[in-house]
Amino acid sequence: MAVHTSRRSVLGAGLGGAAAALLSACGGASTTGAGNGALSFLSTQFSPVEEKQRFKAILKNRVKGTPVAFTAVEAGDFATTLTAQLKAKKLSVSLIGGLHGDLAPYADQLTDTDDLLGELSGARIPQRLTDIAAFGGSKPKYVPWMQTSYVLAVNKKALQWLPEGADVQNLTYDQFLDWMTAGKRGAGRPIFGMPAGPNGLYHRFFQGFLLPSFTGGQVVPFRSPDAVQAWKYMKDLWSVSAPASTNYAYMQEPLARGEVLVAWDHLARLLGAPAKNPDEWQMVPAPRGPKGLGFMLVVAGLGILKGAPRQDDARKVIKALCTPGAQGDVLKKNGFAPTVGGRMPTGLPAAIALGADAFSRQQDAEDAITALPPVGVGAKDGEISEAFKECFTQICLKDKPIQPVLDAQAKKLNSLLAEVKAECWAPDEAAEGKTCRVA
């Protein structure tokens, strides 16, 4: 997730770098290899130096009897390494860890983890996560390891304009629009902002929040009447949003400066705002729409490739990392939320505790609709996301008629999806061997 300035320095200023791990696909390549009898663990997560050091300390403390050589690389290097080893039929990596999308290309090469999850039944990993790990099949292919999402950060000054009877922790999209409209009128300027700049993640709002909440899907109903209503709503919301949003890459800085009082963004890109004065802030779930509370889940997993060496030891490491204690350490030190234990640990840094609470409320909502970033699209992810960005540009910034814009972008999406032969991903229902497409 590129930003205008170093994301490590920005997050480090507020939280000592602990929250940076919430960002997807950390950067920083290195070489693989396990010396001195150590098990080789290759991951796309925790590559910044401080994060890596903290995670290595967790491994040393929590994994007993099995030395682990932990190597963190960029997602591209991760794919290159695994593809080369699989092609040569000479695997040296015993354990792999990455985001769902990082692991998706290797689903057929991953060992089933249903028996391992059975041994971890006391860990209480939610069924929704193990279903995701199955990639549409009958058996999970990895063990869910860590998770995060996007939420709303709220400066408590904005609560004075909250509509009567509205609960900030349980908002509808209509209530949210009324709130931001009243806030603009009361403050004399827009109080809401979103990361709609060139390096912002605003497309994830459309993919994972707006469209699922209004249509129940992300791709299949992309041009449906419900999608038209979603974009009508977005036009109204944009009319009361800070115009400077088109320059924002992440929202913690404009929040901290007071340029906006309410913002939606990736959790890691919000945590710097309340770090110094957490009592002045709340973090809350996204609103819910006609179909429910759509939200995008970023989930990372631990997997073992078929034919990998030392598989029994790799299973031991997975078990050690899937305990409440180990995952509590990861949350406190590197910012990813647990998948095990059923509840958040106590004693968290104040800003992380705010984010963890919002994350839990969001995913535990009775009407939650889990959405994933595009899966199985490889290098086409950027082009697919561009279709959602273009809808925003044409509809909200250029005031073009909604249906023709959706129809044009639907054609582009279908062409891209056909090219990569990608099956649908949540919340759209996948059909094995059937390419996803806009209806």
# chains A, B, ... in the order shown; residues from 1 in each chain; ligands from 1
>>> select_by_dssp(residues="range 116-336 of chain A", states="strand (DSSP E or B)", output="PyMOL selection string")
chain A and resi 143-155+172+192-193+241+262-266+281-284+288-289+292-303+305
>>> residues_around(residues="Ala371 in chain A", least_positions_apart="6", cutoff="6 Å", atoms="only C-alpha atoms", output="ChimeraX atom specification")
/A:208,295-296,426-427
>>> closest_residue(among="A:Gln394, A:Phe222, A:Glu429, A:Pro287", to="Lys412 in chain A", atoms="only C-alpha atoms")
A:Phe222
>>> closest_residue(among="A:Thr393, A:Thr346, A:Gly376, A:Pro278", to="Ala418 in chain A", atoms="only C-alpha atoms")
A:Gly376
>>> closest_residue(among="A:Leu302, A:Cys322, A:Val284, A:Leu42", to="Thr111 in chain A", atoms="only C-alpha atoms")
A:Leu302
>>> residues_around(residues="Pro345 in chain A", least_positions_apart="5", cutoff="12 Å", atoms="only C-alpha atoms", output="PDB file with C-alpha atoms, in the first residue's frame")
ATOM      1  CA  THR A 323      -3.089 -19.757  20.585  1.00  0.00           C
ATOM      2  CA  PRO A 324      -4.718 -16.753  22.271  1.00  0.00           C
ATOM      3  CA  GLY A 325      -1.391 -15.845  23.888  1.00  0.00           C
ATOM      4  CA  ALA A 326       0.599 -15.790  20.650  1.00  0.00           C
ATOM      5  CA  GLN A 327      -2.070 -13.927  18.725  1.00  0.00           C
ATOM      6  CA  GLY A 328      -2.491 -11.467  21.578  1.00  0.00           C
ATOM      7  CA  ASP A 329       1.236 -10.777  21.297  1.00  0.00           C
ATOM      8  CA  VAL A 330       0.871 -10.136  17.554  1.00  0.00           C
ATOM      9  CA  LEU A 331      -1.993  -7.706  18.139  1.00  0.00           C
ATOM     10  CA  LYS A 332      -0.130  -5.783  20.837  1.00  0.00           C
ATOM     11  CA  PHE A 336      -3.156  -7.671  13.463  1.00  0.00           C
ATOM     12  CA  ALA A 337      -6.357  -8.858  15.147  1.00  0.00           C
ATOM     13  CA  PRO A 338      -6.566 -12.497  16.330  1.00  0.00           C
ATOM     14  CA  THR A 339      -8.507 -15.261  14.625  1.00  0.00           C
ATOM     15  CA  VAL A 340      -8.662 -17.373  17.799  1.00  0.00           C
ATOM     16  CA  ILE A 352      -5.230  -0.212  18.995  1.00  0.00           C
ATOM     17  CA  ALA A 353      -7.950  -1.016  21.551  1.00  0.00           C
ATOM     18  CA  ALA A 356      -9.937  -3.626  17.760  1.00  0.00           C
ATOM     19  CA  ASP A 357     -13.308  -2.823  19.291  1.00  0.00           C
ATOM     20  CA  SER A 360     -15.004  -6.781  16.426  1.00  0.00           C
TER      21      SER A 360
END
>>> select_by_dssp(residues="range 209-437 of chain A", states="helix (DSSP H, G or I)", output="ChimeraX atom specification")
/A:209-215,225-239,243-247,252-257,267-269,278-280,311-321,324-334,350-363,378-397,402-420
>>> write_last_selection(atoms="C-alpha atoms", output="compact mmCIF listing (two decimals), in the first residue's frame")
# COMPACT_ATOMS: atom_id res chain seq x y z
CA PHE A 209 -18.69 -1.70 1.84
CA LEU A 210 -20.99 0.34 -0.41
CA LEU A 211 -21.91 -2.24 -3.06
CA PRO A 212 -22.25 -5.24 -0.71
CA SER A 213 -24.43 -3.15 1.63
CA PHE A 214 -26.74 -2.03 -1.18
CA THR A 215 -26.60 -5.03 -3.56
CA PRO A 225 -30.73 -1.33 -10.14
CA ASP A 226 -29.50 -1.75 -6.57
CA ALA A 227 -26.04 -0.65 -7.70
CA VAL A 228 -27.54 2.44 -9.29
CA GLN A 229 -29.10 3.30 -5.91
CA ALA A 230 -25.72 2.74 -4.23
CA TRP A 231 -24.04 5.22 -6.55
CA LYS A 232 -26.87 7.72 -6.12
CA TYR A 233 -26.14 7.52 -2.41
CA MET A 234 -22.42 7.95 -3.06
CA LYS A 235 -23.09 11.13 -5.05
CA ASP A 236 -25.06 12.54 -2.13
CA LEU A 237 -22.34 11.57 0.35
CA TRP A 238 -19.63 13.06 -1.83
CA SER A 239 -21.56 16.36 -1.98
CA PRO A 243 -13.07 18.13 -1.59
CA ALA A 244 -9.47 17.68 -0.43
CA SER A 245 -10.24 13.97 -0.14
CA THR A 246 -9.03 13.57 -3.71
CA ASN A 247 -5.54 14.37 -2.38
CA GLN A 252 -4.83 9.71 10.00
CA GLU A 253 -2.98 12.94 9.13
CA PRO A 254 -6.01 15.04 8.03
CA LEU A 255 -7.84 13.71 11.09
CA ALA A 256 -4.96 14.64 13.40
CA ARG A 257 -4.75 18.11 11.81
CA LEU A 267 -7.49 0.57 10.23
CA ALA A 268 -3.72 0.97 10.02
CA ARG A 269 -4.16 4.28 8.25
CA PRO A 278 -7.38 8.57 22.54
CA ASP A 279 -10.02 9.93 24.94
CA GLU A 280 -11.04 12.41 22.25
CA GLN A 311 5.52 -30.84 7.59
CA ASP A 312 5.06 -32.15 11.12
CA ASP A 313 7.25 -29.34 12.45
CA ALA A 314 5.34 -26.82 10.35
CA ARG A 315 2.11 -28.03 11.93
CA LYS A 316 3.66 -27.53 15.37
CA VAL A 317 4.53 -23.93 14.49
CA ILE A 318 0.99 -23.29 13.25
CA LYS A 319 -0.44 -24.65 16.48
CA ALA A 320 1.90 -22.45 18.51
CA LEU A 321 0.90 -19.35 16.54
CA PRO A 324 -4.72 -16.75 22.27
CA GLY A 325 -1.39 -15.85 23.89
CA ALA A 326 0.60 -15.79 20.65
CA GLN A 327 -2.07 -13.93 18.72
CA GLY A 328 -2.49 -11.47 21.58
CA ASP A 329 1.24 -10.78 21.30
CA VAL A 330 0.87 -10.14 17.55
CA LEU A 331 -1.99 -7.71 18.14
CA LYS A 332 -0.13 -5.78 20.84
CA LYS A 333 3.20 -5.73 19.02
CA ASN A 334 2.33 -5.71 15.31
CA ALA A 350 -5.32 2.75 23.65
CA ALA A 351 -5.48 3.47 19.91
CA ILE A 352 -5.23 -0.21 19.00
CA ALA A 353 -7.95 -1.02 21.55
CA LEU A 354 -10.26 1.50 19.84
CA GLY A 355 -9.61 -0.07 16.46
CA ALA A 356 -9.94 -3.63 17.76
CA ASP A 357 -13.31 -2.82 19.29
CA ALA A 358 -14.63 -1.34 16.05
CA PHE A 359 -13.30 -4.30 14.09
CA SER A 360 -15.00 -6.78 16.43
CA ARG A 361 -18.33 -4.94 16.36
CA GLN A 362 -18.25 -4.78 12.58
CA GLN A 363 -17.53 -8.41 11.85
CA GLY A 378 -3.17 -11.91 -10.07
CA ALA A 379 -1.59 -8.87 -11.67
CA LYS A 380 -5.00 -7.70 -12.90
CA ASP A 381 -6.05 -6.57 -9.42
CA GLY A 382 -5.11 -2.97 -10.21
CA GLU A 383 -7.07 -2.95 -13.46
CA ILE A 384 -10.12 -4.49 -11.80
CA SER A 385 -9.97 -1.94 -9.02
CA GLU A 386 -9.61 0.80 -11.62
CA ALA A 387 -13.14 0.02 -12.85
CA PHE A 388 -14.52 0.91 -9.41
CA LYS A 389 -12.37 4.04 -9.25
CA GLU A 390 -13.57 5.10 -12.68
CA CYS A 391 -17.19 4.80 -11.54
CA PHE A 392 -16.40 7.25 -8.75
CA THR A 393 -14.60 9.63 -11.12
CA GLN A 394 -17.35 9.63 -13.73
CA ILE A 395 -20.36 9.62 -11.40
CA CYS A 396 -19.24 11.69 -8.42
CA LEU A 397 -16.59 14.00 -9.86
CA ILE A 402 -24.99 6.43 -13.52
CA GLN A 403 -26.31 3.53 -15.60
CA PRO A 404 -24.21 4.18 -18.74
CA VAL A 405 -21.09 4.47 -16.58
CA LEU A 406 -21.84 1.17 -14.85
CA ASP A 407 -22.57 -0.53 -18.17
CA ALA A 408 -19.26 0.63 -19.66
CA GLN A 409 -17.20 -0.44 -16.65
CA ALA A 410 -19.07 -3.76 -16.47
CA LYS A 411 -17.81 -4.59 -19.97
CA LYS A 412 -14.24 -3.87 -18.88
CA LEU A 413 -14.65 -5.99 -15.74
CA ASN A 414 -16.05 -8.93 -17.67
CA SER A 415 -13.20 -8.75 -20.17
CA LEU A 416 -10.59 -8.73 -17.39
CA LEU A 417 -12.25 -11.55 -15.46
CA ALA A 418 -12.54 -13.67 -18.60
CA GLU A 419 -8.85 -13.09 -19.32
CA VAL A 420 -7.75 -14.45 -15.93
>>> residues_around(residues="Glu432 in chain A", least_positions_apart="3", cutoff="8 Å", atoms="only C-alpha atoms", output="number ranges by chain")
A: 136-137, 423
>>> atom_distance(atom1="CA of Ala275 in chain A", atom2="CA of Val298 in chain A")
22.6 Å
>>> closest_residue(among="A:Ile125, A:Ala88, A:Leu270, A:Ala300", to="Met146 in chain A", atoms="only C-alpha atoms")
A:Ala300
>>> atom_distance(atom1="CA of Val260 in chain A", atom2="CA of Asn277 in chain A")
16.1 Å
>>> residues_around(residues="range 169-186 of chain A", least_positions_apart="2", cutoff="7 Å", atoms="only C-alpha atoms", output="PyMOL selection string")
chain A and resi 158+161-163+166-167+188-192+237+240+284-285+287-289
>>> write_last_selection(atoms="N, CA, C and O atoms", output="tab-separated table (two decimals), in the first residue's frame")
chain	number	residue	atom	x	y	z
A	158	ALA	N	-17.55	15.69	16.55
A	158	ALA	CA	-18.57	15.50	15.53
A	158	ALA	C	-19.87	14.95	16.08
A	158	ALA	O	-20.91	15.01	15.42
A	161	TRP	N	-23.51	16.66	16.14
A	161	TRP	CA	-24.41	16.72	14.99
A	161	TRP	C	-25.04	15.37	14.66
A	161	TRP	O	-25.73	15.23	13.65
A	162	LEU	N	-24.81	14.38	15.50
A	162	LEU	CA	-25.40	13.06	15.27
A	162	LEU	C	-26.93	13.16	15.31
A	162	LEU	O	-27.48	13.78	16.22
A	163	PRO	N	-27.65	12.59	14.34
A	163	PRO	CA	-29.11	12.69	14.33
A	163	PRO	C	-29.72	12.13	15.61
A	163	PRO	O	-29.21	11.16	16.19
A	166	ALA	N	-29.97	8.28	16.77
A	166	ALA	CA	-28.99	7.46	16.07
A	166	ALA	C	-27.91	6.98	17.03
A	166	ALA	O	-27.48	7.72	17.92
A	167	ASP	N	-27.47	5.74	16.85
A	167	ASP	CA	-26.39	5.15	17.64
A	167	ASP	C	-25.14	5.12	16.78
A	167	ASP	O	-25.12	4.46	15.73
A	188	GLY	N	-19.76	24.60	9.13
A	188	GLY	CA	-19.47	25.54	8.06
A	188	GLY	C	-18.52	25.00	7.03
A	188	GLY	O	-18.05	25.72	6.14
A	189	ARG	N	-18.23	23.71	7.10
A	189	ARG	CA	-17.35	23.03	6.15
A	189	ARG	C	-17.59	21.53	6.28
A	189	ARG	O	-18.10	21.07	7.31
A	190	PRO	N	-17.22	20.76	5.28
A	190	PRO	CA	-17.40	19.30	5.39
A	190	PRO	C	-16.58	18.73	6.54
A	190	PRO	O	-15.44	19.15	6.77
A	191	ILE	N	-17.17	17.78	7.26
A	191	ILE	CA	-16.44	17.13	8.36
A	191	ILE	C	-16.02	15.70	8.01
A	191	ILE	O	-15.30	15.06	8.77
A	192	PHE	N	-16.46	15.20	6.85
A	192	PHE	CA	-16.14	13.82	6.46
A	192	PHE	C	-15.12	13.80	5.35
A	192	PHE	O	-15.16	14.59	4.41
A	237	LEU	N	-23.36	11.53	-0.69
A	237	LEU	CA	-22.34	11.57	0.35
A	237	LEU	C	-21.15	12.43	-0.08
A	237	LEU	O	-20.62	13.22	0.70
A	240	VAL	N	-21.24	16.21	0.44
A	240	VAL	CA	-20.98	16.76	1.78
A	240	VAL	C	-19.63	16.29	2.32
A	240	VAL	O	-19.38	16.33	3.53
A	284	VAL	N	-15.60	3.27	15.01
A	284	VAL	CA	-16.91	2.61	14.95
A	284	VAL	C	-17.04	1.83	13.64
A	284	VAL	O	-16.33	2.09	12.68
A	285	PRO	N	-17.97	0.88	13.61
A	285	PRO	CA	-18.19	0.12	12.38
A	285	PRO	C	-18.72	1.00	11.25
A	285	PRO	O	-19.27	2.09	11.48
A	287	PRO	N	-21.41	1.95	8.29
A	287	PRO	CA	-22.88	1.86	8.30
A	287	PRO	C	-23.40	0.60	7.61
A	287	PRO	O	-22.66	-0.11	6.93
A	288	ARG	N	-24.66	0.36	7.77
A	288	ARG	CA	-25.34	-0.75	7.11
A	288	ARG	C	-26.33	-0.22	6.09
A	288	ARG	O	-26.89	0.87	6.25
A	289	GLY	N	-26.53	-0.99	5.02
A	289	GLY	CA	-27.44	-0.60	3.96
A	289	GLY	C	-28.63	-1.52	3.87
A	289	GLY	O	-28.89	-2.33	4.78
>>> residues_around(residues="Gly97 in chain A", least_positions_apart="5", cutoff="9 Å", atoms="only C-alpha atoms", output="ChimeraX atom specification")
/A:41-45,102-103,142,145,300-304
>>> atom_distance(atom1="CA of Phe78 in chain A", atom2="CA of Phe205 in chain A")
27.0 Å
>>> closest_residue(among="A:Lys89, A:Lys56, A:Pro48, A:Thr130", to="Glu74 in chain A", atoms="only C-alpha atoms")
A:Pro48
>>> residues_around(residues="Ser92 in chain A", least_positions_apart="6", cutoff="8 Å", atoms="only C-alpha atoms", output="list in words")
Gly33, Ser40, Gln85, Ala308 and Pro309 of chain A
